[in-house]
Every structure is written in C-alpha cells, then in structure tokens.
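Novice: final-v6.txt (compact mmCIF, C-alpha atoms) pasted underneath:
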# COMPACT_ATOMS: atom_id res chain seq x y z
CA MET A 672 18.18 -91.47 -115.03
CA SER A 673 18.49 -90.07 -111.50
CA SER A 674 22.10 -89.22 -110.63
CA TYR A 675 21.61 -89.98 -106.92
CA GLN A 676 23.44 -93.10 -105.79
CA ARG A 677 22.38 -94.58 -102.47
CA LYS A 678 24.69 -96.49 -100.18
CA GLN A 679 24.64 -100.22 -100.87
CA SER A 680 23.00 -102.38 -98.21
CA PRO A 681 22.59 -106.13 -97.57
CA GLY A 682 19.04 -106.26 -98.96
CA ASN A 683 17.57 -105.04 -102.25
CA THR A 684 15.65 -101.83 -101.55
CA ASP A 685 14.72 -101.03 -105.17
CA TRP A 686 11.03 -101.84 -104.69
CA PHE A 687 11.00 -99.90 -101.43
CA VAL A 688 12.26 -96.63 -102.91
CA ASN A 689 9.87 -97.03 -105.84
CA ASP A 690 6.74 -97.53 -103.71
CA ARG A 691 7.53 -94.67 -101.30
CA PHE A 692 4.37 -94.85 -99.14
CA GLY A 693 3.38 -97.40 -96.49
CA MET A 694 1.07 -98.00 -93.54
CA PHE A 695 2.31 -98.60 -90.00
CA ILE A 696 -0.16 -100.40 -87.71
CA HIS A 697 0.27 -100.23 -83.92
CA PHE A 698 -2.09 -102.65 -82.23
CA GLY A 699 -1.88 -104.46 -78.92
CA LEU A 700 -3.17 -104.63 -75.36
CA TYR A 701 -2.46 -100.89 -75.00
CA SER A 702 -5.43 -100.31 -77.31
CA LEU A 703 -7.64 -101.25 -74.35
CA ALA A 704 -5.94 -98.68 -72.12
CA ALA A 705 -6.49 -96.17 -74.96
CA ARG A 706 -4.04 -93.67 -73.52
CA HIS A 707 -0.73 -94.28 -75.33
CA GLU A 708 1.11 -97.43 -76.37
CA TRP A 709 3.73 -96.72 -73.68
CA VAL A 710 1.15 -96.73 -70.89
CA MET A 711 2.86 -99.64 -69.11
CA SER A 712 6.09 -97.65 -68.86
CA LYS A 713 4.63 -94.17 -68.39
CA GLU A 714 2.43 -95.28 -65.50
CA ALA A 715 4.93 -97.86 -64.16
CA VAL A 716 2.30 -100.60 -64.29
CA PRO A 717 3.55 -103.89 -62.76
CA GLU A 718 3.59 -106.92 -65.04
CA GLU A 719 0.77 -108.86 -63.38
CA LYS A 720 -1.50 -105.84 -63.20
CA TYR A 721 -0.92 -105.10 -66.90
CA LYS A 722 -1.62 -108.71 -67.82
CA ARG A 723 -5.25 -108.27 -66.77
CA TYR A 724 -5.84 -106.76 -70.21
CA THR A 725 -5.50 -110.23 -71.76
CA LYS A 726 -8.77 -111.17 -70.05
CA TYR A 727 -10.62 -108.43 -71.92
CA PHE A 728 -8.80 -108.27 -75.25
CA ASP A 729 -11.40 -109.22 -77.84
CA PRO A 730 -11.17 -107.15 -81.06
CA ASP A 731 -14.46 -108.57 -82.32
CA MET A 732 -14.75 -106.00 -85.13
CA PHE A 733 -11.28 -106.71 -86.53
CA ASN A 734 -11.40 -107.27 -90.27
CA ALA A 735 -7.99 -107.65 -91.90
CA ASP A 736 -9.48 -107.15 -95.34
CA GLU A 737 -10.94 -103.82 -94.23
CA TRP A 738 -7.56 -102.67 -92.92
CA ALA A 739 -5.94 -103.66 -96.20
CA GLN A 740 -8.63 -101.87 -98.20
CA TYR A 741 -8.00 -98.66 -96.28
CA ALA A 742 -4.27 -98.91 -97.03
CA GLU A 743 -4.84 -99.64 -100.69
CA ASN A 744 -7.37 -96.82 -101.08
CA ALA A 745 -4.96 -94.38 -99.43
CA GLY A 746 -2.32 -95.19 -102.05
CA MET A 747 -0.07 -97.11 -99.69
CA LYS A 748 2.00 -99.91 -101.20
CA TYR A 749 3.26 -101.79 -98.14
CA ALA A 750 2.41 -102.23 -94.47
CA VAL A 751 4.19 -102.99 -91.19
CA LEU A 752 2.28 -104.49 -88.25
CA THR A 753 3.42 -104.57 -84.62
CA THR A 754 3.63 -108.32 -84.10
CA ARG A 755 4.95 -107.54 -80.61
CA HIS A 756 5.40 -104.13 -79.00
CA HIS A 757 7.36 -103.17 -75.88
CA GLU A 758 4.64 -104.62 -73.65
CA GLY A 759 5.80 -108.07 -74.82
CA PHE A 760 2.36 -109.27 -75.95
CA ALA A 761 2.42 -111.32 -79.18
CA LEU A 762 -0.26 -110.87 -81.84
CA PHE A 763 0.80 -114.25 -83.24
CA ASP A 764 0.53 -117.83 -81.97
CA THR A 765 4.02 -118.25 -80.52
CA LYS A 766 4.94 -121.47 -78.78
CA TYR A 767 7.56 -119.69 -76.66
CA SER A 768 5.14 -117.69 -74.53
CA ASP A 769 1.64 -117.89 -73.11
CA TYR A 770 1.41 -114.10 -73.35
CA LYS A 771 -0.21 -114.08 -76.77
CA ILE A 772 -3.38 -113.27 -78.64
CA THR A 773 -4.54 -116.90 -78.95
CA ASN A 774 -4.85 -116.94 -75.14
CA THR A 775 -7.35 -114.05 -75.13
CA PRO A 776 -11.10 -114.09 -75.81
CA PHE A 777 -10.23 -113.24 -79.44
CA GLY A 778 -8.40 -116.55 -79.76
CA ARG A 779 -7.09 -116.15 -83.33
CA ASP A 780 -3.70 -115.52 -84.91
CA LEU A 781 -4.11 -111.92 -86.04
CA VAL A 782 -0.74 -111.82 -87.79
CA LYS A 783 -1.77 -114.62 -90.15
CA GLU A 784 -5.01 -112.87 -91.07
CA TYR A 785 -3.13 -109.61 -91.64
CA CYS A 786 -0.63 -111.30 -93.98
CA ASP A 787 -3.30 -113.03 -96.02
CA ALA A 788 -5.44 -109.93 -96.44
CA PHE A 789 -2.70 -107.44 -97.28
CA ARG A 790 -1.11 -109.76 -99.81
CA ALA A 791 -4.53 -110.29 -101.42
CA HIS A 792 -4.73 -106.50 -101.93
CA GLY A 793 -1.32 -106.43 -103.58
CA LEU A 794 0.53 -104.83 -100.67
CA LYS A 795 3.91 -105.94 -99.43
CA VAL A 796 3.95 -107.27 -95.89
CA GLY A 797 6.19 -106.16 -93.04
CA PHE A 798 6.57 -107.06 -89.38
CA TYR A 799 7.49 -104.76 -86.51
CA TYR A 800 9.11 -106.61 -83.60
CA SER A 801 10.17 -104.84 -80.41
CA LEU A 802 13.62 -105.52 -79.01
CA LEU A 803 12.19 -104.39 -75.67
CA ASP A 804 9.94 -106.62 -73.59
CA TRP A 805 8.67 -105.28 -70.28
CA GLN A 806 7.01 -108.60 -69.40
CA HIS A 807 9.88 -111.04 -69.97
CA PRO A 808 11.55 -112.14 -66.70
CA ASP A 809 15.05 -112.07 -68.23
CA TYR A 810 14.77 -108.62 -69.83
CA THR A 811 16.84 -106.38 -67.58
CA ILE A 812 15.34 -103.28 -66.01
CA ASP A 813 16.44 -100.09 -67.76
CA ARG A 814 15.41 -96.43 -67.98
CA PHE A 815 12.10 -97.29 -69.67
CA HIS A 816 11.17 -100.42 -67.78
CA PRO A 817 8.06 -100.16 -65.54
CA ARG A 818 10.12 -101.43 -62.57
CA ARG A 819 12.81 -98.76 -62.91
CA PHE A 820 11.56 -97.09 -59.73
CA ASP A 821 11.70 -100.25 -57.62
CA ALA A 822 14.07 -99.92 -54.67
CA ASP A 823 15.56 -103.33 -55.44
CA ALA A 824 15.81 -102.88 -59.24
CA VAL A 825 19.56 -103.52 -59.23
CA GLU A 826 19.09 -106.74 -57.26
CA GLN A 827 16.34 -107.82 -59.63
CA ASN A 828 18.68 -107.34 -62.58
CA GLU A 829 21.23 -109.67 -61.01
CA LYS A 830 18.69 -112.47 -61.45
CA ARG A 831 17.91 -111.58 -65.09
CA ASP A 832 19.81 -112.99 -68.06
CA MET A 833 19.88 -111.07 -71.34
CA HIS A 834 21.46 -114.05 -73.10
CA LYS A 835 18.33 -116.08 -72.38
CA TYR A 836 16.22 -113.15 -73.52
CA ALA A 837 18.18 -112.81 -76.79
CA GLU A 838 17.62 -116.50 -77.46
CA TYR A 839 13.90 -116.00 -76.78
CA MET A 840 13.80 -113.23 -79.39
CA ARG A 841 15.54 -115.40 -81.97
CA ASN A 842 13.04 -118.18 -81.30
CA GLN A 843 10.09 -115.87 -81.86
CA LEU A 844 11.65 -114.31 -84.94
CA ARG A 845 12.25 -117.78 -86.34
CA GLU A 846 8.51 -118.35 -86.00
CA LEU A 847 7.69 -115.06 -87.67
CA MET A 848 10.14 -115.65 -90.51
CA THR A 849 8.99 -119.24 -91.05
CA ASN A 850 5.24 -119.47 -90.51
CA TYR A 851 3.83 -116.56 -92.51
CA GLY A 852 5.19 -116.78 -96.04
CA LYS A 853 7.37 -114.14 -97.67
CA ILE A 854 8.08 -111.18 -95.40
CA ASP A 855 9.25 -108.03 -97.16
CA ILE A 856 10.29 -105.83 -94.20
CA LEU A 857 11.45 -106.39 -90.65
CA TRP A 858 11.15 -103.27 -88.49
CA LEU A 859 13.13 -103.80 -85.26
CA ASP A 860 12.71 -101.30 -82.42
CA PHE A 861 14.94 -100.08 -80.64
CA SER A 862 18.38 -99.74 -79.10
CA VAL A 863 18.20 -97.89 -75.75
CA LYS A 864 20.49 -94.99 -74.89
CA GLY A 865 21.59 -94.87 -71.29
CA ASP A 866 21.16 -91.79 -69.13
CA GLU A 867 24.71 -91.10 -67.96
CA ASN A 868 23.60 -88.29 -65.66
CA SER A 869 21.02 -90.30 -63.76
CA ASP A 870 21.47 -91.17 -60.10
CA ASN A 871 19.47 -94.33 -60.75
CA PRO A 872 21.94 -97.12 -61.75
CA VAL A 873 19.40 -99.00 -63.89
CA LYS A 874 18.81 -95.84 -65.92
CA ARG A 875 22.49 -95.22 -66.60
CA LYS A 876 23.10 -98.30 -68.72
CA GLY A 877 21.61 -98.52 -72.18
CA LYS A 878 21.09 -101.50 -74.47
CA GLY A 879 22.66 -102.05 -77.86
CA PRO A 880 23.64 -104.72 -80.40
CA GLU A 881 25.56 -106.77 -77.83
CA ASP A 882 22.48 -107.06 -75.64
CA TRP A 883 20.27 -108.12 -78.55
CA GLU A 884 23.03 -110.41 -79.86
CA ALA A 885 22.15 -108.57 -83.02
CA GLU A 886 24.61 -110.28 -85.36
CA LYS A 887 23.07 -113.69 -84.63
CA LEU A 888 19.57 -112.26 -84.85
CA LEU A 889 20.14 -110.55 -88.20
CA ALA A 890 21.92 -113.58 -89.67
CA LEU A 891 18.99 -115.79 -88.70
CA VAL A 892 16.45 -113.47 -90.30
CA ARG A 893 18.40 -113.16 -93.54
CA GLU A 894 18.90 -116.92 -93.70
CA LEU A 895 15.17 -117.54 -93.38
CA GLN A 896 14.03 -114.57 -95.51
CA PRO A 897 16.79 -113.81 -98.05
CA GLY A 898 14.75 -111.11 -99.81
CA ILE A 899 13.89 -109.13 -96.69
CA ILE A 900 14.95 -105.57 -95.86
CA ILE A 901 15.68 -104.56 -92.25
CA ASN A 902 16.00 -101.21 -90.48
CA HIS A 903 18.99 -99.93 -88.49
CA ARG A 904 17.56 -100.00 -84.96
CA THR A 905 19.47 -102.97 -83.57
CA GLY A 906 22.48 -100.65 -83.61
CA ILE A 907 23.97 -102.43 -86.63
CA GLU A 908 23.42 -100.64 -89.92
CA GLN A 909 21.28 -102.62 -92.34
CA ASP A 910 19.05 -101.46 -95.20
CA PHE A 911 17.32 -98.25 -94.16
CA SER A 912 17.33 -95.57 -91.47
CA THR A 913 14.20 -94.46 -89.68
CA PRO A 914 13.89 -90.83 -88.51
CA GLU A 915 10.84 -90.79 -86.22
CA GLN A 916 8.24 -88.06 -85.81
CA TYR A 917 10.28 -85.40 -87.59
CA GLN A 918 10.95 -84.38 -91.18
CA PRO A 919 14.62 -84.20 -92.20
CA ASP A 920 15.55 -81.02 -94.03
CA ALA A 921 18.10 -82.81 -96.22
CA TRP A 922 18.66 -86.30 -97.56
CA PRO A 923 20.23 -88.26 -94.63
CA ARG A 924 23.80 -89.37 -95.18
CA ASP A 925 26.14 -91.90 -93.61
CA GLU A 926 28.01 -90.03 -90.88
CA LYS A 927 31.34 -91.64 -91.79
CA THR A 928 31.29 -91.92 -95.58
CA GLY A 929 28.85 -89.18 -96.54
CA GLU A 930 26.94 -91.58 -98.77
CA LEU A 931 23.20 -91.08 -99.24
CA LEU A 932 21.14 -93.45 -97.10
CA THR A 933 17.96 -95.26 -97.93
CA TRP A 934 15.52 -93.83 -95.41
CA GLU A 935 11.95 -93.87 -94.22
CA THR A 936 10.34 -91.40 -91.85
CA CYS A 937 7.71 -92.88 -89.53
CA GLN A 938 4.89 -90.53 -88.58
CA THR A 939 1.52 -90.45 -86.85
CA PHE A 940 -1.78 -88.73 -87.55
CA SER A 941 -1.76 -87.51 -83.94
CA GLY A 942 0.68 -87.64 -81.03
CA SER A 943 0.40 -91.34 -80.29
CA TRP A 944 1.12 -94.60 -82.13
CA GLY A 945 -1.41 -96.76 -80.34
CA TYR A 946 -5.09 -95.87 -80.09
CA TYR A 947 -5.50 -92.85 -77.81
CA ARG A 948 -9.12 -92.00 -77.17
CA ASP A 949 -8.61 -88.45 -75.86
CA GLU A 950 -5.68 -87.32 -78.03
CA GLN A 951 -6.52 -84.07 -79.84
CA THR A 952 -3.39 -83.00 -81.75
CA TRP A 953 -4.46 -84.42 -85.10
CA LYS A 954 -2.74 -83.14 -88.21
CA THR A 955 -4.66 -81.58 -91.09
CA PRO A 956 -4.92 -83.19 -94.55
CA GLN A 957 -2.74 -80.38 -95.92
CA MET A 958 0.01 -81.16 -93.40
CA LEU A 959 -0.16 -84.89 -94.08
CA ILE A 960 0.06 -84.55 -97.85
CA GLU A 961 2.89 -82.03 -97.56
CA MET A 962 4.76 -84.52 -95.32
CA LEU A 963 4.53 -87.17 -98.02
CA ILE A 964 5.65 -84.82 -100.77
CA LYS A 965 8.53 -83.36 -98.74
CA THR A 966 9.75 -86.82 -97.81
CA VAL A 967 9.92 -87.96 -101.43
CA SER A 968 11.43 -84.61 -102.43
CA LEU A 969 14.39 -85.56 -100.19
CA GLY A 970 14.70 -89.12 -101.52
CA GLY A 971 12.80 -90.82 -98.70
CA ASN A 972 9.79 -92.99 -97.87
CA LEU A 973 6.89 -92.16 -95.57
CA ILE A 974 5.23 -94.79 -93.39
CA MET A 975 2.11 -93.34 -91.77
CA ASN A 976 0.65 -94.93 -88.68
CA VAL A 977 -2.83 -96.02 -87.70
CA GLY A 978 -3.71 -97.25 -84.21
CA PRO A 979 -6.88 -99.36 -84.34
CA CYS A 980 -9.12 -99.28 -81.27
CA ALA A 981 -9.50 -102.31 -79.01
CA ARG A 982 -12.53 -103.59 -80.92
CA GLY A 983 -10.25 -103.91 -83.92
CA TYR A 984 -11.47 -101.21 -86.26
CA ILE A 985 -9.74 -98.01 -87.40
CA ASP A 986 -11.71 -95.09 -85.98
CA LYS A 987 -13.22 -92.26 -88.03
CA ARG A 988 -10.53 -89.71 -87.19
CA ALA A 989 -7.93 -91.97 -88.81
CA THR A 990 -10.12 -93.13 -91.72
CA ASP A 991 -10.83 -89.49 -92.57
CA MET A 992 -7.08 -88.89 -92.83
CA LEU A 993 -6.60 -92.03 -94.94
CA ASP A 994 -9.41 -90.82 -97.16
CA ALA A 995 -7.65 -87.46 -97.60
CA TYR A 996 -4.53 -89.28 -98.75
CA GLY A 997 -6.59 -91.45 -101.08
CA LYS A 998 -8.34 -88.53 -102.74
CA TRP A 999 -5.03 -86.80 -103.42
CA MET A 1000 -3.10 -89.92 -104.43
CA LYS A 1001 -5.82 -91.05 -106.84
CA TYR A 1002 -4.88 -88.20 -109.16
CA ASN A 1003 -1.34 -87.27 -108.11
CA SER A 1004 0.45 -90.51 -107.21
CA ARG A 1005 2.59 -90.24 -110.35
CA SER A 1006 4.56 -87.54 -108.53
CA ILE A 1007 5.26 -89.98 -105.66
CA TYR A 1008 5.72 -93.51 -106.99
CA GLY A 1009 9.01 -94.02 -108.80
CA CYS A 1010 10.13 -90.50 -107.87
CA THR A 1011 12.96 -89.01 -105.88
CA MET A 1012 14.75 -85.74 -105.16
CA ALA A 1013 14.93 -83.45 -108.20
CA GLU A 1014 18.31 -83.01 -109.81
CA PRO A 1015 20.38 -80.16 -108.28
CA GLU A 1016 19.93 -77.99 -111.37
CA PHE A 1017 16.25 -77.62 -110.50
CA VAL A 1018 15.77 -75.20 -107.61
CA ALA A 1019 12.24 -75.11 -106.23
CA PRO A 1020 10.50 -71.73 -106.52
CA PHE A 1021 9.19 -70.30 -103.26
CA GLY A 1022 6.15 -72.16 -101.96
CA THR A 1023 6.78 -75.32 -103.96
CA LEU A 1024 8.25 -78.79 -103.47
CA LEU A 1025 9.87 -80.75 -106.29
CA THR A 1026 10.08 -84.44 -107.11
CA GLN A 1027 11.44 -86.01 -110.27
CA SER A 1028 10.83 -89.38 -111.89
CA ASN A 1029 13.68 -91.85 -111.52
CA ASP A 1030 14.19 -91.88 -115.29
CA GLY A 1031 14.67 -88.11 -115.17
CA LYS A 1032 12.04 -87.39 -117.81
CA ARG A 1033 9.41 -85.69 -115.68
CA LEU A 1034 9.63 -82.99 -113.05
CA TYR A 1035 6.78 -82.47 -110.59
CA ILE A 1036 6.13 -79.04 -109.09
CA HIS A 1037 3.91 -79.27 -106.02
CA LEU A 1038 2.15 -75.96 -105.37
CA VAL A 1039 2.12 -75.95 -101.58
CA SER A 1040 1.40 -72.21 -101.58
CA TYR A 1041 -0.77 -71.51 -104.58
CA PRO A 1042 0.65 -68.69 -106.72
CA PHE A 1043 -1.41 -65.88 -108.23
CA LYS A 1044 -1.56 -66.05 -112.03
CA SER A 1045 2.04 -67.09 -112.70
CA LEU A 1046 4.93 -69.15 -111.40
CA LYS A 1047 8.50 -68.28 -112.36
CA PHE A 1048 11.05 -71.09 -112.40
CA THR A 1049 14.59 -69.80 -112.80
CA GLY A 1050 16.89 -71.86 -114.99
CA LEU A 1051 14.18 -73.97 -116.62
CA ALA A 1052 14.02 -72.15 -119.96
CA GLY A 1053 14.83 -74.37 -122.93
CA LYS A 1054 14.34 -77.57 -120.93
CA VAL A 1055 10.56 -78.03 -121.05
CA GLU A 1056 8.66 -79.81 -123.77
CA TYR A 1057 5.16 -79.68 -122.26
CA ALA A 1058 3.40 -78.99 -118.94
CA GLN A 1059 0.05 -79.89 -117.44
CA PHE A 1060 -1.80 -80.12 -114.16
CA LEU A 1061 -1.40 -83.70 -113.00
CA HIS A 1062 -4.88 -84.10 -111.53
CA ASP A 1063 -6.76 -83.52 -114.80
CA ALA A 1064 -4.05 -83.38 -117.52
CA SER A 1065 -5.08 -79.83 -118.45
CA GLU A 1066 -2.36 -77.95 -120.29
CA ILE A 1067 -0.32 -75.31 -118.49
CA LEU A 1068 0.98 -72.67 -120.87
CA PHE A 1069 4.39 -71.16 -120.31
CA THR A 1070 6.74 -68.57 -121.71
CA GLU A 1071 10.51 -68.65 -121.79
CA ASP A 1072 13.09 -65.98 -121.28
CA ALA A 1073 16.33 -67.67 -122.23
CA HIS A 1074 18.24 -64.44 -122.93
CA GLY A 1075 17.40 -62.28 -119.96
CA ALA A 1076 14.81 -60.16 -121.79
CA THR A 1077 11.95 -58.64 -119.80
CA ASP A 1078 9.18 -61.22 -119.44
CA HIS A 1079 5.71 -59.97 -120.35
CA LEU A 1080 3.98 -61.93 -117.58
CA THR A 1081 6.11 -61.09 -114.57
CA MET A 1082 7.89 -57.93 -115.77
CA SER A 1083 11.04 -59.31 -114.22
CA GLN A 1084 14.41 -60.16 -115.65
CA GLY A 1085 16.41 -63.33 -115.28
CA VAL A 1086 18.57 -65.53 -117.43
CA GLY A 1087 16.92 -68.86 -118.18
CA ASP A 1088 13.57 -68.06 -116.58
CA LEU A 1089 10.45 -70.01 -117.49
CA VAL A 1090 7.07 -68.67 -116.42
CA PHE A 1091 4.04 -70.95 -116.07
CA ASP A 1092 0.66 -69.33 -116.65
CA ILE A 1093 -1.40 -70.54 -113.68
CA PRO A 1094 -5.20 -70.19 -113.42
CA VAL A 1095 -6.21 -67.55 -110.90
CA VAL A 1096 -8.74 -69.86 -109.25
CA ARG A 1097 -7.05 -72.69 -107.41
CA PRO A 1098 -8.13 -76.18 -108.51
CA ASP A 1099 -10.06 -78.19 -105.92
CA VAL A 1100 -6.97 -80.19 -105.00
CA THR A 1101 -5.25 -80.08 -101.59
CA VAL A 1102 -1.85 -79.61 -103.22
CA PRO A 1103 -2.03 -79.06 -107.00
CA VAL A 1104 0.83 -80.54 -109.02
CA ILE A 1105 2.32 -79.38 -112.32
CA GLU A 1106 3.73 -82.26 -114.34
CA VAL A 1107 6.60 -81.03 -116.51
CA PHE A 1108 7.78 -83.12 -119.46
CA LEU A 1109 11.47 -82.41 -119.86
CA LYS A 1110 13.31 -82.31 -123.18
For the file at hand, write its structure as structure tokens.
Specialist:
Amino acid sequence: MSSYQRKQSPGNTDWFVNDRFGMFIHFGLYSLAARHEWVMSKEAVPEEKYKRYTKYFDPDMFNADEWAQYAENAGMKYAVLTTRHHEGFALFDTKYSDYKITNTPFGRDLVKEYCDAFRAHGLKVGFYYSLLDWQHPDYTIDRFHPRRFDADAVEQNEKRDMHKYAEYMRNQLRELMTNYGKIDILWLDFSVKGDENSDNPVKRKGKGPEDWEAEKLLALVRELQPGIIINHRTGIEQDFSTPEQYQPDAWPRDEKTGELLTWETCQTFSGSWGYYRDEQTWKTPQMLIEMLIKTVSLGGNLIMNVGPCARGYIDKRATDMLDAYGKWMKYNSRSIYGCTMAEPEFVAPFGTLLTQSNDGKRLYIHLVSYPFKSLKFTGLAGKVEYAQFLHDASEILFTEDAHGATDHLTMSQGVGDLVFDIPVVRPDVTVPVIEVFLK
C-alpha cells in the first residue's frame, strides 16, 4: 500500500484521488464575445451593455450527450461545469434572478441536461459557482469589477450590501444542491486579494470568507449534499487545493502542519478558459499528456478545460486535444487511475516520470524522453518480477547488477542497478510506459 497519508478533510476524497482526471467546462455569455471569459472585466463593459448578449445567446448545437461522450472518450472520470461565472449569468433556471439561460432564445435549463447526460455516461458531476458577480447590484466594486474605474465607485459601494449578496448566493446554491440530484464536487471561485499599493480605494480592499459568509455557505452545501467535496477558494480550507495554470514541482503541503494536501491542478488547452476564437497558444498533445502524468506523479489530479463556442459545440481545436488524450489513455490509463507518487526509494531516471499503483504492486515508468537501447534504473535490482510495455503488454527484458559488477549493456557500474532493454525504434505512442511488476 502507498505510504503517503493525505491530510484529512470534511469530505471523502477517496474516489477523487482514484479517478485522477476530469473535464472543466467554461460556458456562458462570454462565449458570444469569443475573446476571453473575463471580457466584461478586461474591457470594463457596463452591466446593461453586457446584458445585450442574453438577446443573442442561443447555443442551438448544444448536445450534452456529445459533451459527455468527449469526456468519456478522453478518459476523464468526472466533470465540473460553470453554472455561473463572474459575469453573474446563470446556466440554470434560478428563481432568484432573471439573468439566466431560460430567459434567452435557448430557453432551456442547460445544467439539468448536463447532469443527466454526464451521469448516463458514468461520470461524476460537479458544479463551478463563482463567488464574484459583476452584475449583482449588491456585489461591491473591487479591483476586478467592470466599474472599478468609475469616478464615483466608492459612493456606489456605500449603496451596496454584501450581506444581501451572500444571502443571494446561498439561495442559488440551495437550488443547485437541491434540484439536480447528487452533486459530487462544488468548485467555488474565488477569494479576491486586495491591491494594497493601489491609489484606487476600491482596488485596495479584497474579499474573503467574511464577505462570502463562507461558514454559512459551506454548512448549507454540506447539509444538502453530505457526500460532496469542495475546494479551498472561499478562503476556508475544505477538501482540496487548486493550483491554477501551473504545475507544482512537489506535492503541495499544508503551510502550517506540513501535511500532504489533496490537490487538483486546473489547466487549459490554450490561454483562455472560455471560448476564444483568435487564441493561438495551444499546447501540443505531448505537453498535455506530460501534464497529466506529472500531476499524478506528484499525487495530484488534473482537470482539463474546454470552452464550447456560443453555438454550444466544442470546436475542432479542443476535440483534437481530447482525442489525443483518448488515444493515449485507451492503452495507458492503468498508470493514471488508482495511482500516485512513487515511493521515495524509486528515483526516476533522467527523462522519465514515475507513478505507482496505490497498492504498491506496480511501478510505471513514463518515457518522456525516449532512451536509446537501454534504460538504467539505480536501486531497482532485486525488486522486479516482470516488466512490459503498457500499451501492448510486450515483454521488456532486463538485467540486474545487484553487486556493483560491470553491466554488459551499459558498461557502467552501480550498486543495485537494473537495466531495461528498450527497443531502438520508439513505439507509436506519445509517451510510452513501462509497467513494472514489483516483487
């Protein structure tokens, strides 16, 4: 069994750390703008002007089953949908606001269709819900709010009431936790850091758990969905941390206790979360697969984002990337599901990433840089029963040098070395994996 003990949390994350790979879905009115999901903030678009998008929002090609099929084919085991992003627009039929998808030409509750379809494909269902709301009249103006440049922003804030806004959030979350069956994940986003050096008074003050009335909010969610897991972004630690758009170089730990955290990195195929028509910085399949492997090799989960276009379908650039994941996961998912960081005794050879099954019986060597003819693994001699390529179960021969004698394959010396005999021609796999059966 794995020796790594994670910090205990309010919810049960066992399924989460077994499944390892999920789909994030950012969809909203910003898909019409098609130039970043933060367009309302970045371009300081006034509320009424932004609301014009509701007149044209009609994702007529939306097919929840198709979205779910893409996730399933990619090897993803759970999904998280933006039920409401920072723009404040609800993809569900809330009775607490008219600013919702059922008041657009589309006219349907997209969240319900998402839940039904993803569950039918055997995926766990999660909701993203923004703590920010740039449309709500009681949400105070801060450093990201579109009205932050208004000359009377301070005066406007005097008329806004965050207590009313916090109650509004609880009302909407009650709907989400009550009307859509079992919800596996709640992804709340995000506490706002103030800019202490700003000359603008509305930018100096941030927002945290007191503003969200986070204790009440979290208690409500757990009362209504006892089996749910929740991220840390209210400012109160919950079940998992969420490093965004970067890859940690070590397993994240609690800053006070040093305990290992349950964590999930959230990433995008390109530089935007929402659909961005002209965005060009798309990652390669090699990069994407390495991100997944590296994440699991450090005990974490990867949730990879898609941003459907305003007609409701996932465009070819994204489906090509999902297909790349699917082709690799079809043959190599055993090195991801139910795996974690390899035990400290196993030090990855140069150009490789390691994962190990939770029961400790199998070690997975991911050949990120394909070696020529042989791969030496120091300290592995005497510990291996059998080895094979994971994609086709073809045997990988190896020799051992348990006593420091010169090895006939590498002509090098080293106590406890094991040398795998690798075919010179690289298999047609983005990242080949050696599955090692340990004694």
Novice: Find the spatial neighbours of range 776-780 of chain A, counting all atoms listed in the file, within a cut-off of 6 Å - ignore same-chain residues fewer than 2 positions away - and output them as a list in words.
Specialist: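 Answer for this query is Asp729, Phe763, Asp764, Thr773, Asn774, Val782 and Lys783 of chain A.
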Novice: Excluding range 757-759 of chain A and its own-chain neighbours fewer than 5 positions away, which residues fall within 9 Å of it when counting only C-alpha atoms? Please give them as a list of chain:residue names.
Specialist: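 In the requested format, the answer is A:Gly699, A:Leu700, A:Tyr701, A:Glu708, A:Trp709, A:Met711, A:Ser712, A:Glu718, A:Tyr721, A:Tyr770, A:Lys771, A:Tyr800, A:Ser801, A:Leu802, A:Leu803, A:Asp804, A:Trp805, A:Gln806, A:His807, A:Asp860.
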Novice: Can you pull out the residues contacting Glu908 in chain A? Cut-off 12 Å, using all atoms listed in the file, and skip same-chain residues under 4 positions away; I want them as an MDAnalysis selection string.
Specialist: chainID A and resid 678:682 859 862 880 885:886 889 900:904 912:913 925:926 932:934
Novice: Please identify every residue of range 919-1011 of chain A that has at least one atom no farther than 10 Å from an atom of range 1038-1045 of chain A, counting only C-alpha atoms, and for each give the shortest atom pair and the distance in Å to one decimal, arranged by chain then increasing number, as a tab-separated table.
Specialist:
residue	atom	partner	partner_atom	distance
A:Gln957	CA	A:Val1039	CA	8.7
A:Met958	CA	A:Val1039	CA	9.9
A:Ile960	CA	A:Val1039	CA	9.6
A:Glu961	CA	A:Val1039	CA	7.3
A:Ile964	CA	A:Val1039	CA	9.6
Novice: List the spatial neighbours of range 828-833 of chain A as a PyMOL selection string - criterion: any atom at most 10 Å away, all atoms listed in the file, same-chain residues fewer than 4 positions off excluded.
Specialist: chain A and resi 807-813+823-824+837-839+873+881-884
Novice: Can you sort out range 906-915 of chain A so it carries N, CA, C and O atoms, written as a compact mmCIF listing (two decimals), keeping the file's coordinate frame?
Specialist:
# COMPACT_ATOMS: atom_id res chain seq x y z
N GLY A 906 21.18 -101.27 -83.85
CA GLY A 906 22.48 -100.65 -83.61
C GLY A 906 23.51 -101.09 -84.62
O GLY A 906 24.64 -100.61 -84.61
N ILE A 907 23.12 -102.01 -85.52
CA ILE A 907 23.97 -102.43 -86.63
C ILE A 907 23.30 -101.97 -87.92
O ILE A 907 22.15 -102.33 -88.18
N GLU A 908 24.01 -101.19 -88.71
CA GLU A 908 23.42 -100.64 -89.92
C GLU A 908 23.01 -101.76 -90.87
O GLU A 908 23.75 -102.70 -91.11
N GLN A 909 21.80 -101.62 -91.41
CA GLN A 909 21.28 -102.62 -92.34
C GLN A 909 20.82 -101.97 -93.64
O GLN A 909 21.66 -101.45 -94.37
N ASP A 910 19.52 -101.92 -93.90
CA ASP A 910 19.05 -101.46 -95.20
C ASP A 910 18.49 -100.05 -95.22
O ASP A 910 18.56 -99.37 -96.24
N PHE A 911 17.90 -99.60 -94.13
CA PHE A 911 17.32 -98.25 -94.16
C PHE A 911 17.28 -97.65 -92.76
O PHE A 911 17.15 -98.35 -91.76
N SER A 912 17.41 -96.32 -92.73
CA SER A 912 17.33 -95.57 -91.47
C SER A 912 15.90 -95.07 -91.27
O SER A 912 15.12 -94.99 -92.22
N THR A 913 15.59 -94.70 -90.02
CA THR A 913 14.20 -94.46 -89.68
C THR A 913 14.01 -93.22 -88.80
O THR A 913 13.69 -93.35 -87.61
N PRO A 914 14.20 -92.01 -89.32
CA PRO A 914 13.89 -90.83 -88.51
C PRO A 914 12.42 -90.86 -88.08
O PRO A 914 11.54 -91.11 -88.89
N GLU A 915 12.18 -90.62 -86.80
CA GLU A 915 10.84 -90.79 -86.22
C GLU A 915 10.24 -89.47 -85.77
O GLU A 915 10.86 -88.71 -85.03
